[in-house]
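Heads up, the thing below is written out as structure tokens.
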Amino acid sequence: MELNNIECVTSSDGMDEDEIHPHHEFSSTKHRNGAANINNILGPNAIAPITSVHELLECPVCTNSMYPPIHQCHNGHTLCSTCKTRVHNRCPTCRQELGDIRCLALEKVAESLELPCKYYSLGCPEIFPYYSKLKHETVCNFRPYTCPYAGSECSTVGDINFLVAHLRDDHKVDMHTGCTFNHRYVKSNPREVENATWMLTVFHCFGQYFCLHFEAFQLGMAPVYMAFLRFMGDENEARNYSYSLEVGANGRKLIWEGTPRSVRDSHRKVRDSHDGLIIQRNMALFFSGGDRKELKLRVTGRIWKEQNQDAAVCIPNLCS
């Protein structure tokens, strides 16, 4: 997607305007085989350690934990239901036909297990019954975050500090300190929005990081411009902050106030929910002035922290 025809000029907290140029598992990988017979799993008179049973519950194909239905071949090798279709009904271990045999013994053993969350090394202290563990892990507050950069299908994951460094070093995203901002977006041909044009700037204030997005895209048949803020943290933390965005010229202005969305919500999800400042193209060109052949939008805004339902006072350069 072309980004070479847009520039963003920013000033933050009273600083002079600077030109900003756009830029564009925790599970083991070791394969293990499960056995069908419960005596083969635990032995006739022994109780295997939980870690050993947990290893038996690891699918030898995808290495993920297996959940019912757990399938097995005639020789007792197990695999998960998802991988059964992928291996064309052939056991990946002995190449025998799988058939439709359930490993009920292993499923029963799984019911008795209590295991730590797979994100325990990242700080999660919770322990769950085996069949409840997977549901928890999809919403665990300690699970890593996905890179919030919208300009590529970036699969990088990590904690917030890691992703901030990743955005700065790998995506060349501009970093600013302070809770107020003043962006000027310039685009030479505002009628070309077939391919979305985006900008991302990261702000550090109140000891937290925020992502300011600005982009052009088609909304139905009409091209629009949209700006919105995302909080680099969980949703419950994001509710502690509010932000405002303002754009205008020639005696007119649009103002948006809201709560930043967590980066747990994908960029596309936030954009498609229209949760931000949306500027129709005709209005954007009106704000740009001149002959309306070039987009020149100045978007200003601020971030503040909510305290007892009242907005906290934001003093530039003192809220970082």
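Letters A, B, ... go to the chains of the structure tokens in the order shown; residues in each chain start at 1; ligands are counted from 1 in the same order.
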Please build the interface table for region 123-227 of chain A against region 261-274 of chain A with a cut-off of 7 Å, listing for each qualifying residue the nearest atom pair and the distance in Å to one decimal; count only C-alpha atoms, order rows by chain and increasing number, and write it as CSV.
```
residue,atom,partner,partner_atom,distance
A:Tyr145,CA,A:Arg264,CA,6.8
A:Pro148,CA,A:Val263,CA,6.4
A:Ala150,CA,A:His267,CA,6.4
```
Selection: 10 Å around Met283 (chain A), only C-alpha atoms, excl. self and same-chain fewer than 4 positions, as a PyMOL selection string: chain A and resi 224-225+248+252-254+279+287-288
Pro260 (chain A) environment, 6 Å, only C-alpha atoms, sequence neighbours closer than 4 positions dropped, as a list in words: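 The contact residues come out as Leu229, Arg230 and Phe231 of chain A.
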DSSP strand (DSSP E) selection over region 25-223 of chain A, as a ChimeraX atom specification: /A:70-72,78-80,101-102,114-116,127-129,145-146,157-158,174-177,180-187,197-205,208-219,222-223
Selected residues written out, C-alpha atoms, as a compact mmCIF listing (two decimals), in the first residue's frame:
```
# COMPACT_ATOMS: atom_id res chain seq x y z
CA ILE A 70 -9.17 -37.74 21.45
CA HIS A 71 -8.54 -40.27 18.67
CA GLN A 72 -6.23 -43.26 18.57
CA THR A 78 -3.19 -40.70 19.90
CA LEU A 79 -3.83 -37.37 18.22
CA CYS A 80 -6.36 -34.55 18.40
CA ILE A 101 -11.56 -45.15 17.85
CA ARG A 102 -11.83 -42.83 20.86
CA GLU A 114 -5.53 -29.55 37.47
CA LEU A 115 -2.90 -27.62 35.57
CA PRO A 116 -1.39 -24.12 35.69
CA ILE A 127 -4.63 -23.36 38.27
CA PHE A 128 -7.58 -24.90 36.44
CA PRO A 129 -9.20 -28.26 35.76
CA TYR A 145 -0.18 -8.80 23.12
CA THR A 146 -0.16 -8.73 19.33
CA VAL A 157 3.72 -10.90 20.06
CA GLY A 158 5.11 -9.91 23.44
CA ASP A 174 7.43 7.89 15.86
CA MET A 175 7.47 8.10 19.65
CA HIS A 176 6.35 11.14 21.66
CA THR A 177 6.14 11.96 25.35
CA THR A 180 -1.41 16.51 24.21
CA PHE A 181 -0.70 16.35 20.52
CA ASN A 182 -1.03 18.38 17.34
CA HIS A 183 -0.88 16.47 14.07
CA ARG A 184 -1.03 17.89 10.56
CA TYR A 185 -1.81 15.36 7.86
CA VAL A 186 -1.01 16.25 4.27
CA LYS A 187 -1.97 14.14 1.25
CA THR A 197 -3.48 4.88 3.95
CA TRP A 198 -2.55 4.78 7.61
CA MET A 199 -0.42 6.50 10.18
CA LEU A 200 0.59 5.39 13.67
CA THR A 201 2.20 7.42 16.44
CA VAL A 202 2.91 6.19 19.97
CA PHE A 203 2.51 8.51 22.96
CA HIS A 204 3.88 7.92 26.45
CA CYS A 205 1.98 9.60 29.27
CA GLN A 208 1.37 4.21 29.87
CA TYR A 209 1.60 3.91 26.09
CA PHE A 210 -1.10 4.94 23.62
CA CYS A 211 -1.35 4.39 19.86
CA LEU A 212 -2.82 7.21 17.77
CA HIS A 213 -4.13 5.92 14.43
CA PHE A 214 -5.06 8.01 11.41
CA GLU A 215 -6.16 6.51 8.13
CA ALA A 216 -8.22 6.84 4.97
CA PHE A 217 -10.57 4.11 3.77
CA GLN A 218 -13.82 3.52 1.90
CA LEU A 219 -16.97 3.58 4.03
CA ALA A 222 -17.69 7.25 0.29
CA PRO A 223 -14.04 7.82 1.20
```
Residues within 6 Å of Asn89 (chain A), only C-alpha atoms, excluding chain neighbours under 3 positions, as a VMD selection string: chain A and resid 84 97 to 98
Selection to disk with all heavy atoms, as a compact mmCIF listing (two decimals), in the first residue's frame:
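Contents of the output file out-v8.txt:
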```
# COMPACT_ATOMS: atom_id res chain seq x y z
N LYS A 84 -6.60 -35.14 13.03
CA LYS A 84 -7.06 -36.38 12.40
C LYS A 84 -7.44 -36.14 10.95
O LYS A 84 -7.16 -36.96 10.06
CB LYS A 84 -8.24 -36.95 13.18
CG LYS A 84 -8.78 -38.28 12.63
CD LYS A 84 -9.87 -38.82 13.55
CE LYS A 84 -10.37 -40.18 13.06
NZ LYS A 84 -11.17 -40.08 11.84
N GLU A 97 -4.18 -47.17 9.59
CA GLU A 97 -5.44 -46.45 9.46
C GLU A 97 -6.00 -46.14 10.84
O GLU A 97 -5.99 -46.99 11.73
CB GLU A 97 -6.44 -47.28 8.66
CG GLU A 97 -7.73 -46.53 8.38
CD GLU A 97 -8.67 -47.31 7.49
OE1 GLU A 97 -8.24 -48.37 6.97
OE2 GLU A 97 -9.83 -46.90 7.34
N LEU A 98 -6.50 -44.91 11.01
CA LEU A 98 -6.98 -44.48 12.33
C LEU A 98 -8.36 -45.03 12.65
O LEU A 98 -8.63 -45.45 13.78
CB LEU A 98 -7.00 -42.95 12.40
CG LEU A 98 -5.64 -42.27 12.54
CD1 LEU A 98 -5.78 -40.77 12.33
CD2 LEU A 98 -5.04 -42.56 13.91
```
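Residue neighbourhood of Leu134 (chain A), excluding near-sequence residues (fewer than 5 positions): Ser65, Tyr67, Cys117, Lys118, Phe128, Pro129, Val139 and Cys140 of chain A, at 10 Å, using only C-alpha atoms.
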Polymer residues at most 12 Å from His74 (chain A), only C-alpha atoms, same-chain spacing of 6 or more positions, as a list in words: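 Near His74 (chain A), the qualifying residues are Ala35, Ala36, Asn37, Arg90, Cys91, Thr93, Cys94, Arg95, Gln96, Glu97, Leu98, Gly99, Asp100, Ile101, Arg102 and Cys103 of chain A.
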d(CA of Pro92 (chain A), CA of Pro60 (chain A)) in Å: 8.1 Å
Selected residue, from A:Ala227, A:Glu111, A:Cys83, A:Pro68, that lies nearest to Val53 (chain A) when counting only C-alpha atoms: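 Smallest separation from Val53 (chain A) among the options: A:Glu111.
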Separation of CA of Glu294 (chain A) from CA of Asp275 (chain A), in Å and rounded to one decimal: 25.9 Å
Sel. of helix (DSSP H, G or I) residues, region 74-237 of chain A, as a ChimeraX atom specification: /A:81-86,104-111,120-122,130-137,160-169,235-237
